[in-house]
There are 2 protein chains.
Amino acid sequence: MNTFINIVPDQNTIVQAANRIKPYIHHTPVLTSSIINNIFNAELFFKCENFQKAGAFKSRGAVNTVFSLSDEQLKNGVCTHSSGNHAQALARAARLRNTKAYIVMPKNSPIVKVNAVKYYGGKITFCKPNLKAREDTLNIIISNTNATEVHPYNDNRIIAAQATAAKELIEETGFLDIIMTPVGGGGLLSGTALSVHYFSPKTKVIAAEPEKADDAFRSFYQRKLIPSKNPDTIADGLLTSLGTITFPIILKFVNEIVTVSENAIIESMKLVWERMKIIIEPSSAVPIAALLEKKIDPTNKKIGIILSGGNVDLEKLPWNK
Amino acid sequence: MNTFINIVPDQNTIVQAANRIKPYIHHTPVLTSSIINNIFNAELFFKCENFQKAGAFKSRGAVNTVFSLSDEQLKNGVCTHSSGNHAQALARAARLRNTKAYIVMPKNSPIVKVNAVKYYGGKITFCKPNLKAREDTLNIIISNTNATEVHPYNDNRIIAAQATAAKELIEETGFLDIIMTPVGGGGLLSGTALSVHYFSPKTKVIAAEPEKADDAFRSFYQRKLIPSKNPDTIADGLLTSLGTITFPIILKFVNEIVTVSENAIIESMKLVWERMKIIIEPSSAVPIAALLEKKIDPTNKKIGIILSGGNVDLEKLPWNK
């Protein structure tokens, strides 16, 4: 067990990540809503990573990793495959260090996300929308360019940086009974769990996941890594499966994982739009959906919720289908 | 002219309004967006009244007026006719003082706004969607109940309170070259112009109005009150015409009024949703539309824009028509 503890990011690594990324990311606000507090009979604190640079917490990890690389490692650019927020975040981080970002995107990626990657100067290669095509295409790009791969979540530099959102939240609100995040690949969740472990050890960490992409739920309770098969959820940021680095941290430091229905995700997303007047993407609504479906009891508790991102195709809103 | 000056709210009246409403409204944040600044080559400061209680700046005026009334004046409740944000704001303000709010709403009012009035405990009477029916119905209610009418804009208590949004903006940003607001009945615009006159007299005040509801534009340049005939704009908060109290203030203290197309309003609204991840209603987008259509030159200027509200029917977004 000691060996394991030694390889996860320690407290100092998270503080260093916070300092490294500080000039290049937003210290996002924590918002509250008296109407939503009344609905749940709780005190909810929303950490608004939907206002983060490039529209999601992913900017924290991308900036930390790119700014941890040497000039030598950066000279041929960086690369990844992603249909979503990590793609934009990496393109932006690369531009900040004047290097190239090669992004493999499935050809069915939302046009808004493709445009955002282009806006930040990313060089896009489209591929078929499956994991094998994405990995094969990325490997071709790496062998052609020698670019350095930046994984979206299964990397300690990413995890340490995603941890900084919860660190900021705790610093702003004081003691919280619970912190909730959504879980996809587990970068945000594992980082959040580490920050809670180091900076607020009496706070519980509860993750929420779509029923239709429940690999983290199953892996957590069966205590072995079980990747998703054909996940299918409106929460497009949560289609990925836990990684070999994120999973052990989650297993050790997370208290609970609950699953939620698609309808509850849509209803929660709309609740936040209508009542808080902020735009969150479906993935961000997943923890709120867990309250709506009474998967956890929020009564009289102080609960921090990390709103992971705000990148939504406004032409295709779930309630206009 | 001295007589006129004596009857408009003075500096002290605005400060008193600010103090009176402070416990019951949000001190809303001022947000910026580097992407939008780049688009316009300017420094824009958005005063987010879309985050205001009941979703719009109207809460300022409603709270100030209701809290200025005596117990005697309140004992039979308050009333107004409104299809929109003033209705919600007045219902909320009345509830804060434990009195009734009778709201006359045209029967085609958006269901979200009807629900919001109900949420705050307002007693709704529906009527035909025209001004005569609204006024007739309100008169019946007044004669039945003896409730005190609270006009949505043509009232110095309302104007003095709407002025507090610009006052907060100026206090937060320091000197601004320009402050922009939309204009409907002129409560927000006249209040803003007074705050600028008292607290930042070198700042220009520019209002933006939909081409298809341009009574303020025409009244301003023809220097006589010309009410709208059949206004028709997606900016549903701007369908009203200037009042006898708001118009003279606007004529004296506003520098310029420009008009914008419906397409520019929709495009500007979407720009803010996509880039800032906040929900604004079409009326709020009207000043940004004026930049988009180059009706004023923002180059290298510091410009404050009051985002008037965020109450939107999410089922009926203009880009999904």
# chains A, B, ... in the order shown; residues from 1 in each chain; ligands from 1
>>> residues_around(residues="Thr28 of chain A", least_positions_apart="4", cutoff="12 Å", atoms="only C-alpha atoms", output="ChimeraX atom specification")
/A:22,46-53,55-57,59-60,164-169,172,306-309 /B:31
>>> interface_residues(of="chain B", to="chain A", cutoff="8 Å", atoms="only C-alpha atoms", output="list in words")
Asn50, Phe51, Gly55, Trp273, Glu274, Met276, Lys277, Ile278, Ile279, Ile280, Gly310, Asn311, Val312, Leu314, Glu315, Trp319 and Asn320 of chain B
>>> residues_around(residues="Leu44 of chain A", least_positions_apart="3", cutoff="10 Å", atoms="only C-alpha atoms", output="ChimeraX atom specification")
/A:30-34,36-38,40-41,47,176,178-179,288,298,300-305
>>> write_last_selection(atoms="N, CA and C atoms", output="PDB file, in the first residue's frame")
ATOM      1  N   VAL A  30     -17.714  30.603  -7.172  1.00  0.00           N
ATOM      2  CA  VAL A  30     -18.606  29.635  -6.527  1.00  0.00           C
ATOM      3  C   VAL A  30     -19.967  30.322  -6.396  1.00  0.00           C
ATOM      4  N   LEU A  31     -20.978  29.767  -7.038  1.00  0.00           N
ATOM      5  CA  LEU A  31     -22.307  30.391  -7.013  1.00  0.00           C
ATOM      6  C   LEU A  31     -23.272  29.568  -6.151  1.00  0.00           C
ATOM      7  N   THR A  32     -24.275  30.270  -5.646  1.00  0.00           N
ATOM      8  CA  THR A  32     -25.334  29.601  -4.886  1.00  0.00           C
ATOM      9  C   THR A  32     -26.678  30.049  -5.454  1.00  0.00           C
ATOM     10  N   SER A  33     -27.719  29.306  -5.151  1.00  0.00           N
ATOM     11  CA  SER A  33     -29.069  29.665  -5.604  1.00  0.00           C
ATOM     12  C   SER A  33     -30.049  29.370  -4.499  1.00  0.00           C
ATOM     13  N   SER A  34     -30.715  30.403  -4.011  1.00  0.00           N
ATOM     14  CA  SER A  34     -31.645  30.171  -2.904  1.00  0.00           C
ATOM     15  C   SER A  34     -32.810  29.289  -3.358  1.00  0.00           C
ATOM     16  N   ILE A  36     -32.720  26.818  -5.604  1.00  0.00           N
ATOM     17  CA  ILE A  36     -32.275  25.417  -5.653  1.00  0.00           C
ATOM     18  C   ILE A  36     -32.009  24.891  -4.237  1.00  0.00           C
ATOM     19  N   ASN A  37     -31.471  25.736  -3.370  1.00  0.00           N
ATOM     20  CA  ASN A  37     -31.326  25.318  -1.967  1.00  0.00           C
ATOM     21  C   ASN A  37     -32.681  24.933  -1.357  1.00  0.00           C
ATOM     22  N   ASN A  38     -33.711  25.726  -1.670  1.00  0.00           N
ATOM     23  CA  ASN A  38     -35.052  25.409  -1.156  1.00  0.00           C
ATOM     24  C   ASN A  38     -35.562  24.074  -1.687  1.00  0.00           C
ATOM     25  N   PHE A  40     -33.921  21.455  -2.497  1.00  0.00           N
ATOM     26  CA  PHE A  40     -33.249  20.283  -1.919  1.00  0.00           C
ATOM     27  C   PHE A  40     -33.106  20.365  -0.402  1.00  0.00           C
ATOM     28  N   ASN A  41     -33.557  21.470   0.181  1.00  0.00           N
ATOM     29  CA  ASN A  41     -33.415  21.654   1.617  1.00  0.00           C
ATOM     30  C   ASN A  41     -31.961  21.433   2.053  1.00  0.00           C
ATOM     31  N   LYS A  47     -19.197  25.128  -7.954  1.00  0.00           N
ATOM     32  CA  LYS A  47     -17.905  25.598  -8.450  1.00  0.00           C
ATOM     33  C   LYS A  47     -17.993  25.638  -9.973  1.00  0.00           C
ATOM     34  N   LEU A 176     -17.220  21.548   4.031  1.00  0.00           N
ATOM     35  CA  LEU A 176     -18.371  21.003   3.308  1.00  0.00           C
ATOM     36  C   LEU A 176     -18.605  19.576   3.786  1.00  0.00           C
ATOM     37  N   ILE A 178     -20.120  17.307   1.935  1.00  0.00           N
ATOM     38  CA  ILE A 178     -19.955  16.446   0.761  1.00  0.00           C
ATOM     39  C   ILE A 178     -19.413  17.285  -0.395  1.00  0.00           C
ATOM     40  N   ILE A 179     -18.530  16.692  -1.201  1.00  0.00           N
ATOM     41  CA  ILE A 179     -18.223  17.275  -2.514  1.00  0.00           C
ATOM     42  C   ILE A 179     -18.611  16.244  -3.564  1.00  0.00           C
ATOM     43  N   ILE A 288     -26.263  16.831  -9.775  1.00  0.00           N
ATOM     44  CA  ILE A 288     -27.550  17.404  -9.357  1.00  0.00           C
ATOM     45  C   ILE A 288     -28.663  16.382  -9.597  1.00  0.00           C
ATOM     46  N   PRO A 298     -29.512  15.062   0.729  1.00  0.00           N
ATOM     47  CA  PRO A 298     -28.789  16.317   0.958  1.00  0.00           C
ATOM     48  C   PRO A 298     -29.285  17.110   2.169  1.00  0.00           C
ATOM     49  N   ASN A 300     -30.179  19.394   4.918  1.00  0.00           N
ATOM     50  CA  ASN A 300     -29.413  20.217   5.870  1.00  0.00           C
ATOM     51  C   ASN A 300     -27.896  20.070   5.742  1.00  0.00           C
ATOM     52  N   LYS A 301     -27.443  19.595   4.598  1.00  0.00           N
ATOM     53  CA  LYS A 301     -25.994  19.442   4.416  1.00  0.00           C
ATOM     54  C   LYS A 301     -25.433  20.574   3.563  1.00  0.00           C
ATOM     55  N   LYS A 302     -24.146  20.842   3.774  1.00  0.00           N
ATOM     56  CA  LYS A 302     -23.412  21.758   2.902  1.00  0.00           C
ATOM     57  C   LYS A 302     -22.716  20.905   1.844  1.00  0.00           C
ATOM     58  N   ILE A 303     -23.101  21.123   0.593  1.00  0.00           N
ATOM     59  CA  ILE A 303     -22.614  20.256  -0.483  1.00  0.00           C
ATOM     60  C   ILE A 303     -21.972  21.093  -1.586  1.00  0.00           C
ATOM     61  N   GLY A 304     -20.729  20.787  -1.886  1.00  0.00           N
ATOM     62  CA  GLY A 304     -20.058  21.427  -3.012  1.00  0.00           C
ATOM     63  C   GLY A 304     -20.236  20.572  -4.255  1.00  0.00           C
ATOM     64  N   ILE A 305     -20.583  21.216  -5.376  1.00  0.00           N
ATOM     65  CA  ILE A 305     -20.764  20.485  -6.630  1.00  0.00           C
ATOM     66  C   ILE A 305     -19.887  21.139  -7.688  1.00  0.00           C
TER      67      ILE A 305
END
>>> residues_around(residues="Met180 of chain B", least_positions_apart="6", cutoff="6 Å", atoms="only C-alpha atoms", output="MDAnalysis selection string")
chainID B and resid 205:207 305
>>> write_last_selection(atoms="N, CA and C atoms", output="mmCIF file, in the first residue's frame")
data_model
loop_
_atom_site.group_PDB
_atom_site.id
_atom_site.type_symbol
_atom_site.label_atom_id
_atom_site.label_comp_id
_atom_site.auth_asym_id
_atom_site.auth_seq_id
_atom_site.Cartn_x
_atom_site.Cartn_y
_atom_site.Cartn_z
ATOM 1 N N VAL B 205 -23.662 57.876 -22.345
ATOM 2 C CA VAL B 205 -24.733 56.886 -22.214
ATOM 3 C C VAL B 205 -25.359 56.674 -23.593
ATOM 4 N N ILE B 206 -25.285 55.435 -24.054
ATOM 5 C CA ILE B 206 -25.853 55.100 -25.366
ATOM 6 C C ILE B 206 -26.861 53.971 -25.182
ATOM 7 N N ALA B 207 -28.053 54.183 -25.704
ATOM 8 C CA ALA B 207 -29.083 53.151 -25.611
ATOM 9 C C ALA B 207 -29.235 52.453 -26.950
ATOM 10 N N ILE B 305 -21.847 47.367 -20.180
ATOM 11 C CA ILE B 305 -23.127 46.972 -20.772
ATOM 12 C C ILE B 305 -23.980 46.334 -19.685
#
>>> residues_around(residues="Asp71 of chain B", least_positions_apart="3", cutoff="12 Å", atoms="only C-alpha atoms", output="list in words")
Val66, Phe67, Ser68, Leu74, Lys75, Asn76, Gly77, Val78, Ala94, Arg97, Asn98, Thr99 and Thr148 of chain B
>>> residues_around(residues="Ala213 of chain B", least_positions_apart="5", cutoff="8 Å", atoms="only C-alpha atoms", output="NGL selection string")
:B and (228 or 230-233 or 238-239)
>>> write_last_selection(atoms="N, CA, C and O atoms", output="CSV table (one decimal), in the first residue's frame")
chain,number,residue,atom,x,y,z
B,228,SER,N,-44.9,53.6,-29.5
B,228,SER,CA,-44.9,52.5,-30.4
B,228,SER,C,-46.2,52.2,-31.0
B,228,SER,O,-47.2,52.2,-30.2
B,230,ASN,N,-47.8,48.9,-32.7
B,230,ASN,CA,-47.6,47.5,-33.1
B,230,ASN,C,-46.1,47.1,-33.1
B,230,ASN,O,-45.6,46.6,-34.1
B,231,PRO,N,-45.4,47.4,-32.0
B,231,PRO,CA,-44.0,46.9,-31.9
B,231,PRO,C,-44.0,45.4,-32.0
B,231,PRO,O,-44.9,44.7,-31.6
B,232,ASP,N,-42.9,44.9,-32.6
B,232,ASP,CA,-42.9,43.4,-32.9
B,232,ASP,C,-41.4,43.0,-32.9
B,232,ASP,O,-40.7,43.2,-33.9
B,233,THR,N,-40.9,42.6,-31.8
B,233,THR,CA,-39.5,42.2,-31.7
B,233,THR,C,-39.4,41.0,-30.7
B,233,THR,O,-40.2,40.8,-29.8
B,238,LEU,N,-38.9,44.8,-24.4
B,238,LEU,CA,-38.7,46.2,-25.0
B,238,LEU,C,-39.9,46.6,-25.9
B,238,LEU,O,-39.8,47.5,-26.7
B,239,LEU,N,-41.0,46.0,-25.6
B,239,LEU,CA,-42.2,46.3,-26.4
B,239,LEU,C,-43.0,47.5,-25.9
B,239,LEU,O,-43.8,48.1,-26.7
>>> residues_around(residues="Val183 of chain A", least_positions_apart="5", cutoff="8 Å", atoms="only C-alpha atoms", output="PyMOL selection string")
chain A and resi 188-189+207-209+216+238
>>> select_by_dssp(residues="segment 85-296 of chain B", states="strand (DSSP E)", output="ChimeraX atom specification")
/B:101-106,123-127,148-149,178-182,204-210,256-260
>>> closest_residue(among="B:Ala62, B:Ala87, B:Leu251, B:Leu225", to="Val114 of chain B", atoms="only C-alpha atoms")
B:Ala87
>>> select_by_dssp(residues="segment 220-249 of chain A", states="helix (DSSP H, G or I)", output="short mmCIF file (atom, residue, chain, number, x, y, z; two decimals) with C-alpha atoms, in the first residue's frame")
data_model
loop_
_atom_site.label_atom_id
_atom_site.label_comp_id
_atom_site.auth_asym_id
_atom_site.auth_seq_id
_atom_site.Cartn_x
_atom_site.Cartn_y
_atom_site.Cartn_z
CA PHE A 220 -15.89 0.75 -7.81
CA TYR A 221 -18.23 -1.77 -6.21
CA GLN A 222 -16.69 -4.83 -7.87
CA ASP A 236 -21.02 13.38 -23.75
CA GLY A 237 -18.10 14.15 -21.44
CA LEU A 238 -18.67 10.91 -19.51
CA THR A 246 -7.39 7.15 -11.87
CA PHE A 247 -9.11 3.94 -10.74
CA PRO A 248 -6.89 3.03 -7.74
CA ILE A 249 -7.14 6.59 -6.41
#
>>> closest_residue(among="B:Ile39, B:Ala163, B:Ile158, B:Ile226", to="Leu292 of chain B", atoms="only C-alpha atoms")
B:Ile39
